[in-house]
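Data from model_35.pdb: PDB, C-alpha atoms
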```pdb
ATOM      1  CA  MET A   1     247.815 -44.904 138.432  1.00  0.00           C
ATOM      2  CA  ALA A   2     249.066 -41.388 137.742  1.00  0.00           C
ATOM      3  CA  LEU A   3     246.346 -40.752 135.150  1.00  0.00           C
ATOM      4  CA  PRO A   4     242.896 -41.904 136.265  1.00  0.00           C
ATOM      5  CA  GLU A   5     240.481 -43.162 133.641  1.00  0.00           C
ATOM      6  CA  LEU A   6     238.411 -40.563 131.870  1.00  0.00           C
ATOM      7  CA  GLY A   7     235.623 -43.003 131.142  1.00  0.00           C
ATOM      8  CA  GLN A   8     233.956 -44.080 127.945  1.00  0.00           C
ATOM      9  CA  ASP A   9     231.862 -40.924 127.777  1.00  0.00           C
ATOM     10  CA  LYS A  10     234.999 -38.720 127.589  1.00  0.00           C
ATOM     11  CA  GLY A  11     236.969 -40.731 125.083  1.00  0.00           C
ATOM     12  CA  TYR A  12     236.220 -38.107 122.456  1.00  0.00           C
ATOM     13  CA  LEU A  13     238.640 -35.591 124.082  1.00  0.00           C
ATOM     14  CA  SER A  14     241.814 -37.097 122.653  1.00  0.00           C
ATOM     15  CA  GLU A  15     240.123 -37.607 119.263  1.00  0.00           C
ATOM     16  CA  SER A  16     239.023 -33.965 119.228  1.00  0.00           C
ATOM     17  CA  ILE A  17     242.582 -32.716 119.759  1.00  0.00           C
ATOM     18  CA  PHE A  18     243.922 -35.126 117.155  1.00  0.00           C
ATOM     19  CA  SER A  19     241.280 -34.029 114.620  1.00  0.00           C
ATOM     20  CA  SER A  20     242.067 -30.350 115.195  1.00  0.00           C
ATOM     21  CA  ILE A  21     245.806 -30.958 114.681  1.00  0.00           C
ATOM     22  CA  PHE A  22     245.172 -33.079 111.583  1.00  0.00           C
ATOM     23  CA  ILE A  23     242.752 -30.661 109.904  1.00  0.00           C
ATOM     24  CA  SER A  24     244.824 -27.576 110.783  1.00  0.00           C
ATOM     25  CA  PHE A  25     247.976 -29.103 109.312  1.00  0.00           C
ATOM     26  CA  VAL A  26     246.255 -30.141 106.082  1.00  0.00           C
ATOM     27  CA  LEU A  27     244.772 -26.668 105.627  1.00  0.00           C
ATOM     28  CA  TRP A  28     248.155 -25.050 106.330  1.00  0.00           C
ATOM     29  CA  THR A  29     249.923 -27.164 103.705  1.00  0.00           C
ATOM     30  CA  PHE A  30     247.428 -26.015 101.062  1.00  0.00           C
ATOM     31  CA  HIS A  31     247.523 -22.308 101.936  1.00  0.00           C
ATOM     32  CA  PRO A  32     249.959 -21.512  99.049  1.00  0.00           C
ATOM     33  CA  PHE A  33     246.993 -22.016  96.714  1.00  0.00           C
ATOM     34  CA  ILE A  34     245.115 -19.204  98.465  1.00  0.00           C
ATOM     35  CA  TYR A  35     247.586 -16.633  99.823  1.00  0.00           C
ATOM     36  CA  HIS A  36     250.240 -14.725  97.890  1.00  0.00           C
ATOM     37  CA  SER A  37     252.913 -15.302 100.557  1.00  0.00           C
ATOM     38  CA  LYS A  38     254.247 -18.675  99.441  1.00  0.00           C
ATOM     39  CA  ARG A  39     257.163 -20.077 101.433  1.00  0.00           C
ATOM     40  CA  PHE A  40     257.057 -23.682 100.187  1.00  0.00           C
ATOM     41  CA  TYR A  41     255.523 -26.029  97.650  1.00  0.00           C
ATOM     42  CA  THR A  42     252.618 -28.173  98.857  1.00  0.00           C
ATOM     43  CA  VAL A  43     253.787 -31.150  96.801  1.00  0.00           C
ATOM     44  CA  LEU A  44     257.266 -31.072  98.320  1.00  0.00           C
ATOM     45  CA  ILE A  45     255.905 -30.720 101.859  1.00  0.00           C
ATOM     46  CA  TRP A  46     253.667 -33.752 101.456  1.00  0.00           C
ATOM     47  CA  ARG A  47     256.451 -35.774  99.859  1.00  0.00           C
ATOM     48  CA  ARG A  48     258.486 -35.325 103.039  1.00  0.00           C
ATOM     49  CA  VAL A  49     255.487 -35.930 105.315  1.00  0.00           C
ATOM     50  CA  LEU A  50     254.548 -39.153 103.524  1.00  0.00           C
ATOM     51  CA  ALA A  51     258.150 -40.372 103.738  1.00  0.00           C
ATOM     52  CA  PHE A  52     258.104 -39.796 107.511  1.00  0.00           C
ATOM     53  CA  LEU A  53     254.731 -41.515 107.892  1.00  0.00           C
ATOM     54  CA  VAL A  54     255.629 -44.552 105.787  1.00  0.00           C
ATOM     55  CA  ALA A  55     258.901 -45.144 107.656  1.00  0.00           C
ATOM     56  CA  SER A  56     257.220 -44.754 111.059  1.00  0.00           C
ATOM     57  CA  GLN A  57     254.245 -46.967 110.190  1.00  0.00           C
ATOM     58  CA  PHE A  58     256.591 -49.646 108.825  1.00  0.00           C
ATOM     59  CA  LEU A  59     258.406 -49.764 112.171  1.00  0.00           C
ATOM     60  CA  ARG A  60     255.071 -49.769 113.992  1.00  0.00           C
ATOM     61  CA  ILE A  61     253.830 -52.784 112.016  1.00  0.00           C
ATOM     62  CA  ILE A  62     256.978 -54.730 112.896  1.00  0.00           C
ATOM     63  CA  THR A  63     256.618 -53.799 116.556  1.00  0.00           C
ATOM     64  CA  PHE A  64     252.979 -54.665 117.188  1.00  0.00           C
ATOM     65  CA  TYR A  65     253.157 -57.870 115.144  1.00  0.00           C
ATOM     66  CA  SER A  66     256.130 -59.075 117.179  1.00  0.00           C
ATOM     67  CA  THR A  67     254.646 -58.138 120.593  1.00  0.00           C
ATOM     68  CA  GLN A  68     250.954 -58.663 121.292  1.00  0.00           C
ATOM     69  CA  LEU A  69     249.606 -57.047 124.459  1.00  0.00           C
ATOM     70  CA  PRO A  70     246.072 -57.202 125.863  1.00  0.00           C
ATOM     71  CA  GLY A  71     244.245 -54.073 124.748  1.00  0.00           C
ATOM     72  CA  PRO A  72     243.573 -51.546 127.530  1.00  0.00           C
ATOM     73  CA  ASN A  73     240.525 -50.025 125.832  1.00  0.00           C
ATOM     74  CA  TYR A  74     237.023 -50.695 127.146  1.00  0.00           C
ATOM     75  CA  HIS A  75     235.870 -52.769 124.196  1.00  0.00           C
ATOM     76  CA  CYS A  76     238.930 -55.035 124.557  1.00  0.00           C
ATOM     77  CA  ARG A  77     238.287 -56.093 128.150  1.00  0.00           C
ATOM     78  CA  GLU A  78     236.908 -59.411 129.281  1.00  0.00           C
ATOM     79  CA  GLY A  79     233.169 -59.621 128.970  1.00  0.00           C
ATOM     80  CA  SER A  80     232.882 -57.155 126.090  1.00  0.00           C
ATOM     81  CA  LYS A  81     231.153 -58.422 122.971  1.00  0.00           C
ATOM     82  CA  LEU A  82     233.702 -56.507 120.890  1.00  0.00           C
ATOM     83  CA  ALA A  83     236.731 -58.044 122.601  1.00  0.00           C
ATOM     84  CA  THR A  84     236.968 -60.725 119.905  1.00  0.00           C
ATOM     85  CA  LEU A  85     236.114 -60.485 116.240  1.00  0.00           C
ATOM     86  CA  PRO A  86     234.077 -63.203 114.511  1.00  0.00           C
ATOM     87  CA  PRO A  87     236.107 -65.602 112.359  1.00  0.00           C
ATOM     88  CA  PRO A  88     236.336 -64.530 108.703  1.00  0.00           C
ATOM     89  CA  ASN A  89     234.138 -66.297 106.199  1.00  0.00           C
ATOM     90  CA  SER A  90     236.122 -65.417 103.080  1.00  0.00           C
ATOM     91  CA  VAL A  91     239.522 -64.319 101.880  1.00  0.00           C
ATOM     92  CA  LEU A  92     238.159 -60.807 101.340  1.00  0.00           C
ATOM     93  CA  GLU A  93     237.276 -60.543 105.040  1.00  0.00           C
ATOM     94  CA  VAL A  94     240.791 -61.634 105.953  1.00  0.00           C
ATOM     95  CA  LEU A  95     242.312 -58.889 103.816  1.00  0.00           C
ATOM     96  CA  LEU A  96     239.926 -56.199 105.066  1.00  0.00           C
ATOM     97  CA  ILE A  97     240.019 -57.398 108.734  1.00  0.00           C
ATOM     98  CA  ASN A  98     236.229 -57.054 108.988  1.00  0.00           C
ATOM     99  CA  PHE A  99     236.411 -53.450 107.821  1.00  0.00           C
ATOM    100  CA  PRO A 100     235.417 -51.082 109.350  1.00  0.00           C
ATOM    101  CA  ARG A 101     234.726 -52.968 112.596  1.00  0.00           C
ATOM    102  CA  GLY A 102     238.278 -54.269 112.844  1.00  0.00           C
ATOM    103  CA  VAL A 103     239.673 -50.757 112.438  1.00  0.00           C
ATOM    104  CA  LEU A 104     237.339 -49.095 114.932  1.00  0.00           C
ATOM    105  CA  PHE A 105     237.456 -51.839 117.532  1.00  0.00           C
ATOM    106  CA  GLY A 106     240.921 -53.310 117.060  1.00  0.00           C
ATOM    107  CA  CYS A 107     242.750 -54.505 120.167  1.00  0.00           C
ATOM    108  CA  GLY A 108     246.214 -55.644 119.094  1.00  0.00           C
ATOM    109  CA  ASP A 109     247.895 -52.726 117.286  1.00  0.00           C
ATOM    110  CA  LEU A 110     249.321 -50.978 120.339  1.00  0.00           C
ATOM    111  CA  ILE A 111     253.090 -50.447 120.234  1.00  0.00           C
ATOM    112  CA  PHE A 112     253.404 -47.741 119.202  1.00  0.00           C
ATOM    113  CA  SER A 113     250.583 -45.200 118.894  1.00  0.00           C
ATOM    114  CA  SER A 114     249.550 -44.340 115.333  1.00  0.00           C
ATOM    115  CA  HIS A 115     247.832 -41.168 116.540  1.00  0.00           C
ATOM    116  CA  MET A 116     251.137 -39.976 117.978  1.00  0.00           C
ATOM    117  CA  ILE A 117     252.911 -40.777 114.701  1.00  0.00           C
ATOM    118  CA  PHE A 118     250.676 -38.417 112.751  1.00  0.00           C
ATOM    119  CA  THR A 119     250.697 -35.795 115.491  1.00  0.00           C
ATOM    120  CA  LEU A 120     254.477 -35.666 115.913  1.00  0.00           C
ATOM    121  CA  VAL A 121     255.155 -35.709 112.157  1.00  0.00           C
ATOM    122  CA  PHE A 122     252.755 -32.818 111.611  1.00  0.00           C
ATOM    123  CA  VAL A 123     254.066 -30.814 114.564  1.00  0.00           C
ATOM    124  CA  ARG A 124     257.712 -31.308 113.607  1.00  0.00           C
ATOM    125  CA  THR A 125     257.000 -30.346 109.999  1.00  0.00           C
ATOM    126  CA  TYR A 126     255.277 -27.124 111.005  1.00  0.00           C
ATOM    127  CA  HIS A 127     258.024 -26.388 113.523  1.00  0.00           C
ATOM    128  CA  LYS A 128     260.555 -26.471 110.680  1.00  0.00           C
ATOM    129  CA  TYR A 129     258.613 -24.784 107.876  1.00  0.00           C
ATOM    130  CA  GLY A 130     256.003 -22.746 109.740  1.00  0.00           C
ATOM    131  CA  SER A 131     256.397 -19.043 110.478  1.00  0.00           C
ATOM    132  CA  LYS A 132     254.262 -18.387 113.587  1.00  0.00           C
ATOM    133  CA  ARG A 133     256.174 -18.930 116.835  1.00  0.00           C
ATOM    134  CA  PHE A 134     253.009 -18.968 118.933  1.00  0.00           C
ATOM    135  CA  ILE A 135     251.448 -21.707 116.777  1.00  0.00           C
ATOM    136  CA  LYS A 136     254.629 -23.775 117.096  1.00  0.00           C
ATOM    137  CA  PHE A 137     254.448 -23.534 120.882  1.00  0.00           C
ATOM    138  CA  LEU A 138     250.723 -24.330 120.835  1.00  0.00           C
ATOM    139  CA  ALA A 139     251.273 -27.364 118.586  1.00  0.00           C
ATOM    140  CA  TRP A 140     253.868 -28.896 120.917  1.00  0.00           C
ATOM    141  CA  PHE A 141     251.633 -28.174 123.908  1.00  0.00           C
ATOM    142  CA  MET A 142     248.684 -29.907 122.208  1.00  0.00           C
ATOM    143  CA  ALA A 143     250.886 -32.913 121.379  1.00  0.00           C
ATOM    144  CA  ILE A 144     251.777 -33.283 125.066  1.00  0.00           C
ATOM    145  CA  ILE A 145     248.134 -32.938 126.148  1.00  0.00           C
ATOM    146  CA  GLN A 146     247.063 -35.492 123.556  1.00  0.00           C
ATOM    147  CA  SER A 147     249.668 -37.945 124.848  1.00  0.00           C
ATOM    148  CA  LEU A 148     248.217 -37.713 128.337  1.00  0.00           C
ATOM    149  CA  LEU A 149     244.617 -37.961 127.138  1.00  0.00           C
ATOM    150  CA  ILE A 150     245.366 -41.074 125.054  1.00  0.00           C
ATOM    151  CA  ILE A 151     246.677 -42.812 128.173  1.00  0.00           C
ATOM    152  CA  ALA A 152     243.866 -41.489 130.371  1.00  0.00           C
ATOM    153  CA  SER A 153     241.305 -42.704 127.815  1.00  0.00           C
ATOM    154  CA  ARG A 154     242.933 -46.157 128.013  1.00  0.00           C
ATOM    155  CA  LYS A 155     243.362 -46.295 124.264  1.00  0.00           C
ATOM    156  CA  HIS A 156     247.067 -47.058 124.675  1.00  0.00           C
ATOM    157  CA  TYR A 157     249.549 -47.967 127.344  1.00  0.00           C
ATOM    158  CA  SER A 158     252.098 -45.401 128.442  1.00  0.00           C
ATOM    159  CA  VAL A 159     254.822 -47.424 126.672  1.00  0.00           C
ATOM    160  CA  ASP A 160     252.996 -46.942 123.349  1.00  0.00           C
ATOM    161  CA  VAL A 161     253.121 -43.168 123.711  1.00  0.00           C
ATOM    162  CA  VAL A 162     256.678 -42.989 125.082  1.00  0.00           C
ATOM    163  CA  VAL A 163     258.068 -45.204 122.315  1.00  0.00           C
ATOM    164  CA  ALA A 164     256.248 -43.080 119.723  1.00  0.00           C
ATOM    165  CA  TRP A 165     257.854 -39.887 121.046  1.00  0.00           C
ATOM    166  CA  TYR A 166     261.454 -40.956 120.588  1.00  0.00           C
ATOM    167  CA  THR A 167     260.938 -43.283 117.602  1.00  0.00           C
ATOM    168  CA  VAL A 168     259.102 -40.753 115.425  1.00  0.00           C
ATOM    169  CA  ASN A 169     261.571 -37.991 116.266  1.00  0.00           C
ATOM    170  CA  LEU A 170     264.504 -40.230 115.343  1.00  0.00           C
ATOM    171  CA  VAL A 171     262.800 -41.362 112.129  1.00  0.00           C
ATOM    172  CA  VAL A 172     262.090 -37.778 111.087  1.00  0.00           C
ATOM    173  CA  PHE A 173     265.666 -36.761 111.907  1.00  0.00           C
ATOM    174  CA  PHE A 174     267.320 -39.502 109.832  1.00  0.00           C
ATOM    175  CA  VAL A 175     264.862 -39.469 106.901  1.00  0.00           C
ATOM    176  CA  ASP A 176     264.988 -35.667 106.737  1.00  0.00           C
ATOM    177  CA  ASN A 177     268.786 -35.795 106.399  1.00  0.00           C
ATOM    178  CA  LYS A 178     268.498 -38.200 103.479  1.00  0.00           C
ATOM    179  CA  LEU A 179     266.005 -36.066 101.559  1.00  0.00           C
ATOM    180  CA  PRO A 180     267.201 -32.987  99.639  1.00  0.00           C
ATOM    181  CA  GLU A 181     266.427 -29.707 101.366  1.00  0.00           C
ATOM    182  CA  MET A 182     263.383 -27.904 100.051  1.00  0.00           C
ATOM    183  CA  PRO A 183     264.083 -24.680  98.146  1.00  0.00           C
ATOM    184  CA  ASP A 184     262.799 -21.387  99.479  1.00  0.00           C
ATOM    185  CA  ARG A 185     259.847 -20.412  97.303  1.00  0.00           C
ATOM    186  CA  THR A 186     260.099 -16.716  98.141  1.00  0.00           C
ATOM    187  CA  ASN A 187     263.218 -16.371  95.956  1.00  0.00           C
ATOM    188  CA  GLY A 188     264.590 -18.021  92.886  1.00  0.00           C
ATOM    189  CA  VAL A 189     263.089 -19.713  89.856  1.00  0.00           C
ATOM    190  CA  PRO A 190     259.836 -21.600  90.488  1.00  0.00           C
ATOM    191  CA  LEU A 191     259.956 -25.388  90.226  1.00  0.00           C
ATOM    192  CA  LEU A 192     256.281 -25.756  89.312  1.00  0.00           C
ATOM    193  CA  PRO A 193     254.288 -24.055  86.514  1.00  0.00           C
ATOM    194  CA  LEU A 194     252.890 -20.666  87.458  1.00  0.00           C
ATOM    195  CA  SER A 195     249.435 -19.362  86.709  1.00  0.00           C
ATOM    196  CA  THR A 196     248.978 -16.259  84.567  1.00  0.00           C
ATOM    197  CA  LYS A 197     248.375 -14.102  87.634  1.00  0.00           C
ATOM    198  CA  GLU A 198     251.490 -15.463  89.381  1.00  0.00           C
ATOM    199  CA  LYS A 199     253.570 -14.819  86.253  1.00  0.00           C
ATOM    200  CA  GLU A 200     252.392 -11.201  86.096  1.00  0.00           C
ATOM    201  CA  ILE A 201     253.174 -10.689  89.785  1.00  0.00           C
ATOM    202  CA  ARG A 202     256.640 -12.244  89.427  1.00  0.00           C
ATOM    203  CA  LEU A 203     257.452 -10.155  86.330  1.00  0.00           C
ATOM    204  CA  LYS A 204     256.337  -6.993  88.118  1.00  0.00           C
ATOM    205  CA  GLU A 205     258.492  -7.844  91.150  1.00  0.00           C
ATOM    206  CA  GLU A 206     261.530  -8.517  88.952  1.00  0.00           C
ATOM    207  CA  LYS A 207     260.983  -5.258  87.051  1.00  0.00           C
ATOM    208  CA  ASP A 208     260.658  -3.276  90.296  1.00  0.00           C
ATOM    209  CA  SER A 209     263.809  -4.902  91.632  1.00  0.00           C
ATOM    210  CA  LYS A 210     265.781  -3.965  88.512  1.00  0.00           C
ATOM    211  CA  LEU A 211     264.540  -0.380  88.651  1.00  0.00           C
ATOM    212  CA  LYS A 212     265.547  -0.114  92.315  1.00  0.00           C
ATOM    213  CA  ASP A 213     269.027  -1.444  91.533  1.00  0.00           C
ATOM    214  CA  GLU A 214     269.481   1.052  88.702  1.00  0.00           C
ATOM    215  CA  PHE A 215     268.240   3.892  90.897  1.00  0.00           C
ATOM    216  CA  HIS A 216     270.702   2.990  93.664  1.00  0.00           C
ATOM    217  CA  LYS A 217     273.528   2.814  91.141  1.00  0.00           C
ATOM    218  CA  LEU A 218     272.695   6.295  89.854  1.00  0.00           C
ATOM    219  CA  LEU A 219     272.532   7.689  93.386  1.00  0.00           C
ATOM    220  CA  ASN A 220     275.837   6.129  94.382  1.00  0.00           C
ATOM    221  CA  GLY A 221     277.519   6.839  91.076  1.00  0.00           C
ATOM    222  CA  ASN A 222     278.087   3.146  90.514  1.00  0.00           C
ATOM    223  CA  HIS A 223     277.726   1.978  86.937  1.00  0.00           C
ATOM    224  CA  GLY A 224     279.266  -1.408  87.349  1.00  0.00           C
ATOM    225  CA  ASP A 225     281.539  -3.548  89.419  1.00  0.00           C
ATOM    226  CA  PRO A 226     284.160  -1.577  91.430  1.00  0.00           C
ATOM    227  CA  THR A 227     286.834  -3.997  90.242  1.00  0.00           C
ATOM    228  CA  ASP A 228     285.987  -3.232  86.630  1.00  0.00           C
ATOM    229  CA  ARG A 229     286.180   0.510  87.347  1.00  0.00           C
ATOM    230  CA  ARG A 230     289.643   0.137  88.898  1.00  0.00           C
ATOM    231  CA  GLN A 231     290.838  -1.891  85.914  1.00  0.00           C
ATOM    232  CA  ARG A 232     289.455   0.685  83.484  1.00  0.00           C
ATOM    233  CA  ALA A 233     291.098   3.489  85.459  1.00  0.00           C
ATOM    234  CA  GLN A 234     294.440   1.697  85.328  1.00  0.00           C
ATOM    235  CA  MET A 235     294.111   1.101  81.601  1.00  0.00           C
ATOM    236  CA  ASN A 236     293.148   4.752  81.018  1.00  0.00           C
ATOM    237  CA  GLY A 237     296.160   5.880  83.069  1.00  0.00           C
ATOM    238  CA  ARG A 238     298.527   3.731  81.015  1.00  0.00           C
ATOM    239  CA  HIS A 239     296.954   4.990  77.792  1.00  0.00           C
ATOM    240  CA  ASP A 240     297.445   8.605  78.900  1.00  0.00           C
ATOM    241  CA  GLU A 241     301.090   7.885  79.759  1.00  0.00           C
ATOM    242  CA  ASP A 242     301.677   6.366  76.314  1.00  0.00           C
ATOM    243  CA  ILE A 243     300.144   9.410  74.603  1.00  0.00           C
ATOM    244  CA  ASN A 244     302.223  11.824  76.686  1.00  0.00           C
ATOM    245  CA  HIS A 245     305.377   9.846  75.930  1.00  0.00           C
ATOM    246  CA  ALA A 246     304.650   9.856  72.200  1.00  0.00           C
ATOM    247  CA  LEU A 247     303.993  13.600  72.207  1.00  0.00           C
ATOM    248  CA  SER A 248     307.248  14.330  74.047  1.00  0.00           C
ATOM    249  CA  GLU A 249     309.198  12.230  71.524  1.00  0.00           C
ATOM    250  CA  ALA A 250     307.494  13.979  68.633  1.00  0.00           C
ATOM    251  CA  THR A 251     308.307  17.383  70.124  1.00  0.00           C
ATOM    252  CA  ALA A 252     311.927  16.441  70.617  1.00  0.00           C
ATOM    253  CA  ASN A 253     312.291  15.196  67.033  1.00  0.00           C
ATOM    254  CA  GLY A 254     310.579  18.288  65.664  1.00  0.00           C
ATOM    255  CA  GLY A 255     312.956  20.536  67.618  1.00  0.00           C
ATOM    256  CA  THR A 256     315.991  18.813  66.177  1.00  0.00           C
TER
END
```
Take the structure I supplied and represent it as structure tokens, if you would.
Amino acid sequence: MALPELGQDKGYLSESIFSSIFISFVLWTFHPFIYHSKRFYTVLIWRRVLAFLVASQFLRIITFYSTQLPGPNYHCREGSKLATLPPPNSVLEVLLINFPRGVLFGCGDLIFSSHMIFTLVFVRTYHKYGSKRFIKFLAWFMAIIQSLLIIASRKHYSVDVVVAWYTVNLVVFFVDNKLPEMPDRTNGVPLLPLSTKEKEIRLKEEKDSKLKDEFHKLLNGNHGDPTDRRQRAQMNGRHDEDINHALSEATANGGT
């Protein structure tokens, strides 16, 4: 009642937002192959993302198999030729669920929204590992708009979207705590093999860093750890005292 139907001719709006989020996230995860500023490893990012998706989809399968609701979409309503699928004629059709017709015109997999699973996992991942604050804000805003458009397009009930919001966030929170934290790629030893160009860049950066350290040491008069200098100074002082003591004894003996 709060969100009037958009109509069948405007059902593409929610899919357009979802496609833009999906494609943008995939391109962002592969940008380390293009740009020199590499903050993470693509393989490690996708390992975490796939863990979030698998856990969320597993819960979704349990939910919509245990509770079947009448589909709110237009092709699921009474009188539609697509409301029911023809009975399978072989075991292969049972396994594939009349692919792709069963995927495009399914009516039972509602609680909770698979589109929101992907959207929230992608947005949360960029929120944690992304660097642009404006894009983070825009991503969350698009996730909210997509939630409303999914309901207005009658592709899901409001309960499907609401359950997805808190379930996916809880899944990501608990699974993320179980996985080891990703190392920062900007510093440290690389975990994956480097190309020849990356090796040359890394060697040049390390060489420049060493030269800067040596230059600062020369400017500050520091040639080592301050603790070591204090220890050497103490040892030199004791050595000088021993020499002075020996000379005084030798002088006294020579005078006698």
query: Expressed in Å to a single decimal, how great is the separation between CA of Lys155 in chain A and CA of Ser20 in chain A?
result: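 Computed distance, CA of Lys155 in chain A to CA of Ser20 in chain A, equals 18.4 Å.
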Between CA of Phe30 in chain A and CA of Ser131 in chain A - distance in Å to one decimal: 14.8 Å
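Nearest to Ser16 in chain A of all the residues A:Lys210, A:Lys204, A:His156, A:His115 is A:His115, based on only C-alpha atoms.
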field: Pick from A:Ile135, A:Glu206, A:Leu95, A:Thr119 nearest to Phe18 in chain A, counting all atoms listed in the file
entry: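 The closest residue to Phe18 in chain A is A:Thr119.
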message: With all atoms listed in the file as the counted atoms, please give the residues lying no more than 10 Å from range 159-174 of chain A, apart from itself and same-chain residues fewer than 4 positions off, as a ChimeraX atom specification.
response: /A:48-49,51-53,55-57,59-60,64,109-121,124-125,143-144,146-148,150-151,155,178-179
